[in-house]
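This is data39.cif. It holds mmCIF, C-alpha atoms.
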```cif
data_protein
loop_
_atom_site.label_atom_id
_atom_site.label_comp_id
_atom_site.auth_asym_id
_atom_site.auth_seq_id
_atom_site.Cartn_x
_atom_site.Cartn_y
_atom_site.Cartn_z
CA MET A 1 23.33 151.08 215.21
CA PHE A 2 21.49 149.99 212.07
CA SER A 3 19.53 152.33 209.85
CA PRO A 4 15.77 151.69 209.53
CA LYS A 5 16.71 150.45 206.04
CA ASN A 6 17.80 146.81 206.03
CA LEU A 7 21.17 145.84 204.59
CA ARG A 8 20.50 143.68 201.51
CA VAL A 9 22.91 140.77 201.00
CA LEU A 10 23.38 138.58 197.92
CA VAL A 11 25.01 135.21 198.74
CA VAL A 12 27.32 133.95 195.98
CA ASP A 13 28.81 130.45 196.35
CA ASP A 14 28.99 127.40 194.12
CA THR A 15 28.62 125.05 197.11
CA ILE A 16 25.04 124.49 198.23
CA VAL A 17 26.11 123.82 201.85
CA TYR A 18 27.68 127.29 202.16
CA ARG A 19 24.89 129.03 200.23
CA LYS A 20 22.37 127.54 202.65
CA ALA A 21 24.43 128.18 205.81
CA VAL A 22 25.21 131.82 204.95
CA SER A 23 21.62 132.48 203.79
CA ASP A 24 20.22 131.09 207.05
CA ILE A 25 22.63 133.22 209.11
CA ILE A 26 21.71 136.39 207.20
CA GLU A 27 18.02 135.79 207.81
CA GLU A 28 18.74 135.53 211.57
CA ILE A 29 20.62 138.85 211.88
CA PRO A 30 18.46 141.89 212.75
CA GLY A 31 18.70 144.71 210.22
CA VAL A 32 19.96 142.40 207.47
CA GLU A 33 17.91 140.77 204.74
CA LEU A 34 18.67 138.12 202.15
CA ALA A 35 18.39 139.73 198.69
CA GLY A 36 18.99 136.42 196.90
CA VAL A 37 21.53 133.71 196.10
CA ALA A 38 23.72 132.88 193.08
CA HIS A 39 25.74 129.74 192.42
CA ASN A 40 28.33 131.32 190.14
CA GLY A 41 29.84 134.68 189.28
CA LYS A 42 27.98 135.24 186.01
CA ILE A 43 24.61 134.74 187.68
CA ALA A 44 25.75 137.02 190.53
CA LEU A 45 26.48 139.88 188.12
CA ALA A 46 23.03 139.54 186.54
CA LYS A 47 21.39 139.48 189.99
CA ILE A 48 23.29 142.57 191.14
CA GLN A 49 21.56 144.47 188.34
CA SER A 50 18.09 143.13 189.14
CA LEU A 51 18.16 142.75 192.95
CA LYS A 52 20.27 145.82 193.84
CA PRO A 53 22.00 144.31 196.92
CA ASP A 54 24.17 146.48 199.17
CA ILE A 55 26.81 143.79 199.59
CA LEU A 56 27.77 140.29 198.42
CA THR A 57 29.18 137.39 200.38
CA LEU A 58 31.44 136.12 197.64
CA ASP A 59 33.22 132.79 197.38
CA ILE A 60 36.70 133.25 195.94
CA GLU A 61 37.09 129.90 194.21
CA MET A 62 34.20 129.19 191.80
CA PRO A 63 33.95 127.66 188.32
CA GLN A 64 33.09 129.78 185.24
CA MET A 65 33.80 133.09 186.96
CA ASN A 66 35.66 133.23 190.28
CA GLY A 67 35.34 135.86 192.98
CA ILE A 68 38.29 137.91 191.68
CA GLU A 69 36.72 138.11 188.22
CA VAL A 70 33.41 139.19 189.76
CA LEU A 71 35.17 142.01 191.64
CA GLN A 72 36.93 143.11 188.48
CA GLU A 73 33.60 143.35 186.66
CA ILE A 74 32.00 145.23 189.57
CA GLN A 75 34.89 147.69 189.56
CA LYS A 76 34.96 148.06 185.77
CA ASN A 77 31.21 148.78 185.61
CA ARG A 78 31.18 150.87 188.82
CA LEU A 79 28.30 148.89 190.28
CA GLY A 80 28.81 150.34 193.77
CA VAL A 81 28.21 147.14 195.74
CA GLY A 82 30.31 145.86 198.66
CA ALA A 83 31.83 142.40 199.02
CA ILE A 84 32.86 140.12 201.85
CA MET A 85 35.03 137.26 200.61
CA LEU A 86 34.75 133.66 201.81
CA SER A 87 38.24 132.22 201.73
CA THR A 88 40.08 128.99 202.52
CA LEU A 89 43.04 128.74 204.89
CA THR A 90 45.54 127.90 202.15
CA ALA A 91 48.44 129.71 200.47
CA GLU A 92 46.44 129.99 197.23
CA GLY A 93 43.33 131.14 199.09
CA SER A 94 45.32 133.79 200.98
CA GLU A 95 46.95 135.15 197.80
CA MET A 96 43.57 135.42 196.07
CA THR A 97 42.14 137.11 199.16
CA MET A 98 44.92 139.74 199.10
CA ARG A 99 44.03 140.41 195.46
CA ALA A 100 40.32 140.69 196.37
CA LEU A 101 41.09 143.25 199.08
CA GLU A 102 43.20 145.24 196.60
CA LEU A 103 40.19 145.24 194.28
CA GLY A 104 38.04 146.83 196.97
CA ALA A 105 36.49 143.95 198.95
CA PHE A 106 35.38 145.21 202.37
CA ASP A 107 36.78 142.26 204.33
CA PHE A 108 36.96 138.47 204.32
CA ILE A 109 36.02 135.53 206.51
CA LEU A 110 37.42 132.02 206.56
CA LYS A 111 35.33 129.04 205.61
CA PRO A 112 34.96 127.07 208.84
CA GLN A 113 37.56 124.49 209.78
CA SER A 114 35.04 122.44 211.78
CA LYS A 115 33.50 119.41 210.04
CA ASN A 116 30.48 119.68 212.32
CA GLN A 117 27.84 121.72 210.45
CA ILE A 118 26.36 123.30 213.59
CA GLU A 119 29.81 124.40 214.82
CA GLY A 120 30.71 125.56 211.31
CA LYS A 121 27.61 127.72 211.12
CA LYS A 122 28.47 129.28 214.51
CA GLU A 123 31.98 130.08 213.22
CA ILE A 124 30.59 131.76 210.11
CA ARG A 125 28.08 133.84 212.09
CA ALA A 126 30.68 134.94 214.67
CA SER A 127 32.90 136.23 211.83
CA LEU A 128 30.22 137.56 209.48
CA GLU A 129 27.83 139.44 211.78
CA PRO A 130 30.26 142.12 213.06
CA ILE A 131 31.56 142.74 209.53
CA LEU A 132 28.02 143.21 208.19
CA LYS A 133 27.24 145.59 211.06
CA ALA A 134 30.41 147.59 210.37
CA PHE A 135 29.54 147.77 206.66
CA ALA A 136 25.98 148.87 207.46
CA ARG A 137 27.22 151.68 209.72
CA SER A 138 29.42 153.07 206.95
CA ARG A 139 26.84 152.41 204.20
CA PHE A 140 24.00 154.21 205.93
CA ASN A 141 25.97 156.99 207.64
CA PRO A 142 25.64 160.03 205.32
CA ALA A 143 29.00 161.43 206.50
CA LEU A 144 30.79 158.21 205.54
CA LYS A 145 28.69 157.04 202.61
CA ASN A 146 31.47 157.41 200.04
CA ARG A 147 33.83 155.41 202.24
CA SER A 148 31.57 152.42 202.67
CA GLY A 149 33.71 149.85 200.90
CA ARG A 150 31.54 149.75 197.80
CA ILE A 151 33.56 148.59 194.83
CA GLY A 152 33.48 151.19 192.09
CA SER A 153 32.52 154.03 194.47
CA SER A 154 34.68 157.08 195.01
CA VAL A 155 37.02 157.27 198.01
CA PRO A 156 37.56 160.91 198.97
CA LEU A 157 40.29 161.67 201.48
CA THR A 158 38.82 164.55 203.41
CA GLY A 159 39.38 165.41 207.02
CA LYS A 160 36.92 166.37 209.71
CA PRO A 161 37.09 167.79 213.24
CA SER A 162 38.23 165.46 215.97
CA ALA A 163 37.42 165.07 219.64
CA THR A 164 41.05 165.80 220.56
CA GLY A 165 40.25 169.50 220.76
CA ALA A 166 43.18 170.24 218.45
CA VAL A 167 43.08 172.85 215.73
CA ALA A 168 42.70 171.67 212.13
CA GLU A 169 44.98 172.79 209.32
CA SER A 170 42.94 172.65 206.13
CA SER A 171 42.51 174.21 202.73
CA THR A 172 40.24 173.75 199.76
CA HIS A 173 42.73 171.44 198.08
CA ARG A 174 44.25 169.49 200.99
CA PRO A 175 42.54 167.10 203.41
CA ALA A 176 42.31 168.38 206.98
CA LEU A 177 45.16 167.54 209.34
CA ILE A 178 44.71 167.96 213.08
CA ARG A 179 47.63 168.47 215.45
CA THR A 180 47.97 168.94 219.16
CA PRO A 181 50.43 171.66 220.24
CA ALA A 182 54.03 170.62 219.52
CA ILE A 183 55.96 168.98 222.36
CA ARG A 184 59.77 168.90 222.49
CA ARG A 185 60.82 165.30 221.87
CA SER A 186 63.54 163.16 220.33
CA LYS A 187 63.24 161.82 216.80
CA SER A 188 61.60 158.41 216.77
CA GLU A 189 63.76 155.30 216.39
CA ILE A 190 60.90 152.91 215.65
CA VAL A 191 57.42 152.97 214.08
CA ALA A 192 54.64 150.66 215.31
CA ILE A 193 51.37 150.36 213.39
CA GLY A 194 48.06 148.79 214.45
CA ILE A 195 45.38 148.15 211.82
CA SER A 196 42.46 145.82 211.07
CA THR A 197 39.38 146.01 208.78
CA GLY A 198 40.32 147.86 205.60
CA GLY A 199 43.97 147.41 206.54
CA PRO A 200 45.47 145.62 203.53
CA ASN A 201 44.15 148.26 201.14
CA ALA A 202 45.21 151.10 203.47
CA LEU A 203 48.72 149.62 203.82
CA ASN A 204 48.88 149.22 200.04
CA GLN A 205 48.33 152.96 199.74
CA MET A 206 50.44 154.15 202.68
CA LEU A 207 53.56 151.93 202.94
CA PRO A 208 54.83 152.50 199.36
CA LYS A 209 55.07 156.23 200.21
CA LEU A 210 57.72 155.53 202.87
CA PRO A 211 61.28 155.88 201.53
CA GLY A 212 63.72 152.97 201.40
CA ASP A 213 66.07 154.95 203.64
CA LEU A 214 63.49 155.68 206.34
CA GLY A 215 66.22 154.83 208.85
CA VAL A 216 64.10 152.96 211.42
CA PRO A 217 62.30 149.60 211.68
CA VAL A 218 58.52 149.42 211.23
CA LEU A 219 56.46 146.85 213.16
CA ILE A 220 52.91 146.13 212.02
CA VAL A 221 50.02 144.25 213.59
CA GLN A 222 47.31 143.60 211.01
CA HIS A 223 44.48 141.45 212.35
CA MET A 224 44.63 138.35 210.12
CA PRO A 225 44.70 134.57 210.42
CA PRO A 226 47.79 132.41 209.79
CA VAL A 227 49.05 132.12 206.19
CA PHE A 228 47.35 135.40 205.20
CA THR A 229 49.98 137.62 206.86
CA LYS A 230 52.71 135.93 204.82
CA SER A 231 50.79 136.65 201.60
CA LEU A 232 50.18 140.25 202.72
CA ALA A 233 53.90 140.76 203.41
CA ALA A 234 54.88 139.29 200.03
CA SER A 235 52.32 141.48 198.23
CA LEU A 236 53.48 144.66 200.01
CA ASP A 237 57.17 143.87 199.53
CA LYS A 238 56.71 144.04 195.74
CA LYS A 239 55.28 147.56 195.98
CA CYS A 240 57.38 149.15 198.73
CA GLN A 241 60.82 150.74 198.86
CA LEU A 242 61.16 149.27 202.36
CA THR A 243 61.70 145.52 202.71
CA VAL A 244 58.43 144.00 203.98
CA LYS A 245 58.39 140.54 205.59
CA GLU A 246 56.47 138.36 207.98
CA ALA A 247 58.29 138.59 211.31
CA GLU A 248 60.29 135.62 212.58
CA ASN A 249 60.99 134.69 216.17
CA GLY A 250 64.39 135.80 217.45
CA GLU A 251 65.41 138.10 214.60
CA ASN A 252 67.01 141.46 215.40
CA ILE A 253 64.99 144.39 214.11
CA LEU A 254 66.76 146.37 211.39
CA PRO A 255 66.17 149.83 209.96
CA ASN A 256 64.31 150.08 206.64
CA VAL A 257 62.49 146.78 207.23
CA ALA A 258 58.75 146.45 207.95
CA TYR A 259 57.86 143.38 210.04
CA ILE A 260 54.28 142.06 209.95
CA ALA A 261 53.15 140.00 212.96
CA PRO A 262 52.32 136.40 211.94
CA GLY A 263 48.61 135.60 211.99
CA GLY A 264 47.52 133.47 214.94
CA LYS A 265 50.56 134.50 217.05
CA GLN A 266 51.53 137.40 219.30
CA MET A 267 54.52 139.65 218.55
CA LYS A 268 56.53 141.78 220.95
CA LEU A 269 59.98 143.29 221.34
CA VAL A 270 62.57 141.96 223.78
CA ALA A 271 66.19 142.85 224.54
CA GLY A 272 68.82 141.28 222.30
CA THR A 273 71.58 139.11 223.78
CA ASP A 274 74.11 141.94 223.31
CA GLY A 275 71.97 144.32 225.37
CA GLN A 276 72.05 146.85 222.51
CA ASN A 277 69.79 145.48 219.80
CA ARG A 278 66.10 144.73 220.10
CA ARG A 279 64.71 141.52 218.71
CA ILE A 280 61.32 140.09 217.88
CA LYS A 281 59.71 137.49 220.08
CA ILE A 282 56.81 135.53 218.59
CA THR A 283 54.67 133.82 221.24
CA ASP A 284 51.57 131.72 221.58
CA ASP A 285 50.23 133.90 224.39
CA PRO A 286 46.42 134.17 224.61
CA PRO A 287 44.41 136.61 222.46
CA GLU A 288 43.86 140.14 223.76
CA ASN A 289 40.66 141.97 222.81
CA SER A 290 39.83 138.67 221.01
CA CYS A 291 42.81 139.41 218.73
CA LYS A 292 45.86 137.32 217.96
CA PRO A 293 48.02 139.11 216.93
CA SER A 294 47.02 142.01 219.17
CA VAL A 295 48.02 145.65 218.75
CA ASP A 296 48.03 146.24 222.52
CA TYR A 297 50.45 143.33 222.99
CA LEU A 298 52.97 144.89 220.56
CA PHE A 299 52.47 148.50 221.66
CA ARG A 300 53.21 147.71 225.33
CA SER A 301 56.61 146.27 224.46
CA VAL A 302 57.47 149.24 222.23
CA ALA A 303 56.56 151.57 225.12
CA ASP A 304 58.94 149.65 227.41
CA TYR A 305 61.98 149.83 225.13
CA TYR A 306 61.58 153.15 223.29
CA VAL A 307 60.69 155.75 225.91
CA GLY A 308 60.25 159.09 224.11
CA ARG A 309 61.65 157.59 220.88
CA ALA A 310 58.65 155.82 219.27
CA THR A 311 56.01 156.70 216.70
CA ALA A 312 52.76 154.74 217.00
CA VAL A 313 50.11 154.75 214.26
CA ILE A 314 46.54 153.54 214.77
CA MET A 315 44.52 153.01 211.62
CA THR A 316 41.23 151.70 210.22
CA GLY A 317 39.65 148.73 212.00
CA MET A 318 36.80 147.37 214.11
CA GLY A 319 36.93 147.33 217.87
CA SER A 320 39.35 149.05 220.23
CA ASP A 321 42.53 146.95 220.11
CA GLY A 322 45.46 149.33 220.56
CA THR A 323 43.82 151.83 222.92
CA LYS A 324 45.40 150.46 226.12
CA GLY A 325 48.79 150.15 224.45
CA LEU A 326 48.54 153.76 223.24
CA ALA A 327 47.82 154.88 226.80
CA GLU A 328 51.19 153.39 227.85
CA LEU A 329 52.95 154.85 224.82
CA LYS A 330 51.50 158.29 225.56
CA ASP A 331 52.70 158.05 229.18
CA LYS A 332 56.19 157.38 227.77
CA SER A 333 56.14 160.35 225.39
CA ALA A 334 55.54 158.52 222.12
CA HIS A 335 54.44 160.44 219.04
CA ILE A 336 50.97 159.08 218.15
CA ILE A 337 49.29 159.39 214.75
CA GLY A 338 45.65 158.38 214.18
CA GLN A 339 43.85 157.90 210.88
CA ASP A 340 40.92 160.29 210.51
CA GLU A 341 37.32 159.12 210.46
CA SER A 342 36.53 160.02 206.87
CA SER A 343 39.36 157.93 205.39
CA CYS A 344 38.78 154.85 207.60
CA ILE A 345 36.81 151.95 206.16
CA VAL A 346 35.77 151.32 209.80
CA TYR A 347 36.33 154.10 212.34
CA GLY A 348 36.74 151.82 215.35
CA MET A 349 40.35 151.45 216.46
CA PRO A 350 41.32 155.15 216.08
CA LYS A 351 38.06 156.41 217.65
CA ALA A 352 38.65 155.85 221.39
CA PRO A 353 42.28 157.11 221.31
CA ALA A 354 41.06 160.27 219.52
CA GLU A 355 38.30 160.82 222.08
CA LEU A 356 40.72 160.19 224.97
CA GLY A 357 43.17 162.77 223.63
CA TYR A 358 46.00 160.30 222.98
CA LEU A 359 46.68 161.42 219.41
CA ASN A 360 49.28 164.04 218.51
CA VAL A 361 48.17 164.07 214.87
CA VAL A 362 44.92 163.07 213.17
CA ALA A 363 45.60 162.56 209.46
CA PRO A 364 43.78 161.22 206.41
CA LEU A 365 45.21 158.06 204.89
CA GLY A 366 46.94 159.96 202.09
CA ARG A 367 49.04 161.95 204.55
CA ILE A 368 49.97 159.37 207.19
CA ALA A 369 53.26 158.45 205.46
CA ASP A 370 54.35 162.12 205.48
CA GLU A 371 53.62 162.33 209.19
CA ILE A 372 55.63 159.16 209.89
CA ILE A 373 58.59 160.54 207.92
CA LYS A 374 58.48 163.86 209.84
CA SER A 375 58.59 161.98 213.15
CA VAL A 376 61.74 159.97 212.33
CA LYS A 377 63.82 162.36 210.20
#
```
What would the structure in this file look like if it were written as structure tokens?
Amino acid sequence: MFSPKNLRVLVVDDTIVYRKAVSDIIEEIPGVELAGVAHNGKIALAKIQSLKPDILTLDIEMPQMNGIEVLQEIQKNRLGVGAIMLSTLTAEGSEMTMRALELGAFDFILKPQSKNQIEGKKEIRASLEPILKAFARSRFNPALKNRSGRIGSSVPLTGKPSATGAVAESSTHRPALIRTPAIRRSKSEIVAIGISTGGPNALNQMLPKLPGDLGVPVLIVQHMPPVFTKSLAASLDKKCQLTVKEAENGENILPNVAYIAPGGKQMKLVAGTDGQNRRIKITDDPPENSCKPSVDYLFRSVADYYVGRATAVIMTGMGSDGTKGLAELKDKSAHIIGQDESSCIVYGMPKAPAELGYLNVVAPLGRIADEIIKSVK
């Protein structure tokens, strides 16, 4: 639901075709208004000061000052404006996009693959509109205002009560943690994570806190297109004690390795040929919840093979992908951790599982790694 205040968007792109297409789309979306346009990064920075937009649509590759340099200036000067990156489906584009997300960009969309301008405009709108709506909800919600993906704004990690009915453990100095009453269960032998909008930055904060001797494999579905998941894995691998890689079809899962589902494919677990090991199967099965990879798709297979021995984590993201899979995991005695509302960039994917009572623990981002470790050690 939009606030009575319109979301003001500054369109920054050196290509007139994209400036025009994105500007037209913004003027068609209720609750959103075009604050202005800029054809390079230097002009954009000047217009941020004069036009006071809430968010930029920001081309990554521009002459004079590219999108990364714009984000660095926004962060350095604490300008408190959001950014949605426009990226190309290339290795270089994906690496620059990972850097943009690390610098605080709210999300990214791909420049359309279609050569037909009408189809291309439809592609942009289908990607851009839900992201703008998600940003507006966080921007104009007083409870979440500091979490609204504004670059240069503070990001407090504070907890808040949940619909699970569980009791919160909190203190003045520590974010609230909410637990359901303890249930006798085995230690987990696998960790499965579902995450979307705000995910790369959240994973950058959480995964490096997991020890290199965690002792179990970690499987991750991050909603992303092809190429980008490989760049995400490479970026995380440099920062983590665990090995982080893009998953490959047919490989046995190993402890102390985090496998990221390839963009544009589905990932599940199947039995290994020896009947003992579990291996990864990458498929071209249809999207679920409009997602490929899908969290539900992975979670179902984990529920099948790790009854009472799995930890599932549902984190920041739009939509409800993962809820059905968590229902199956809960039925099979999994330990389920959900990210709390106040530390999510978008409180979508953890919301329904929290309201349905599926979560054993509701934790702020800064404490999710500790909860994972407790469940497997």
Spatial neighbours of Asn360 (chain A), 7 Å, only C-alpha atoms, chain gap at least 5 places, as number ranges by chain | A: 179-180, 335-337
Selected by the PyMOL selection byres ((chain A and resi 314-318) around 7) in the shown coordinates: which residues, as a list of chain:residue names?
->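 Taken over the shown coordinates, the PyMOL selection byres ((chain A and resi 314-318) around 7) returns A:Ile193, A:Gly194, A:Ile195, A:Ser196, A:Thr197, A:Gly198, A:Gly199, A:Ala312, A:Val313, A:Gly319, A:Ser320, A:Ile337, A:Gly338, A:Gln339, A:Cys344, A:Ile345, A:Val346, A:Tyr347, A:Gly348, A:Met349, A:Pro350.
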Reference answer for the PyMOL selection byres ((chain A and resi 271) around 12), as a PyMOL selection string = chain A and resi 250-253+268-270+272-281+301-302+304-306
Picked residues, the PyMOL selection byres ((chain A and resi 73) around 12), as a compact mmCIF listing (two decimals) with C-alpha atoms, in the frame of the given file:
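So selection-v1.txt came out as:
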```
# COMPACT_ATOMS: atom_id res chain seq x y z
CA GLY A 41 29.84 134.68 189.28
CA LYS A 42 27.98 135.24 186.01
CA ALA A 44 25.75 137.02 190.53
CA LEU A 45 26.48 139.88 188.12
CA ALA A 46 23.03 139.54 186.54
CA ILE A 48 23.29 142.57 191.14
CA MET A 65 33.80 133.09 186.96
CA ASN A 66 35.66 133.23 190.28
CA GLY A 67 35.34 135.86 192.98
CA ILE A 68 38.29 137.91 191.68
CA GLU A 69 36.72 138.11 188.22
CA VAL A 70 33.41 139.19 189.76
CA LEU A 71 35.17 142.01 191.64
CA GLN A 72 36.93 143.11 188.48
CA ILE A 74 32.00 145.23 189.57
CA GLN A 75 34.89 147.69 189.56
CA LYS A 76 34.96 148.06 185.77
CA ASN A 77 31.21 148.78 185.61
CA ARG A 78 31.18 150.87 188.82
CA LEU A 79 28.30 148.89 190.28
CA GLY A 80 28.81 150.34 193.77
CA VAL A 81 28.21 147.14 195.74
CA LEU A 103 40.19 145.24 194.28
CA GLY A 104 38.04 146.83 196.97
CA ILE A 151 33.56 148.59 194.83
CA GLY A 152 33.48 151.19 192.09
```
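Using only C-alpha atoms for every distance, the candidate list A:Pro200, A:Leu10, A:Pro130, A:Glu61 yields A:Pro200 as the residue closest to Glu102 (chain A).
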Dump region 183-203 of chain A with C-alpha atoms to a file, as a compact mmCIF listing (two decimals), in the first residue's frame.
```txt
# COMPACT_ATOMS: atom_id res chain seq x y z
CA ILE A 183 11.62 -29.35 20.98
CA ARG A 184 13.85 -32.41 21.35
CA ARG A 185 15.51 -32.99 17.99
CA SER A 186 18.69 -34.25 16.35
CA LYS A 187 21.45 -31.87 15.32
CA SER A 188 20.99 -30.69 11.76
CA GLU A 189 23.07 -32.27 8.99
CA ILE A 190 22.26 -29.65 6.34
CA VAL A 191 21.36 -25.95 6.13
CA ALA A 192 19.05 -24.62 3.38
CA ILE A 193 18.60 -20.87 2.87
CA GLY A 194 15.99 -19.00 0.82
CA ILE A 195 16.51 -15.29 0.11
CA SER A 196 15.66 -12.62 -2.48
CA THR A 197 15.54 -8.78 -2.45
CA GLY A 198 18.31 -7.48 -0.21
CA GLY A 199 19.87 -10.94 -0.29
CA PRO A 200 23.40 -10.31 -1.59
CA ASN A 201 24.06 -7.71 1.09
CA ALA A 202 22.47 -9.87 3.80
CA LEU A 203 24.54 -12.89 2.73
```
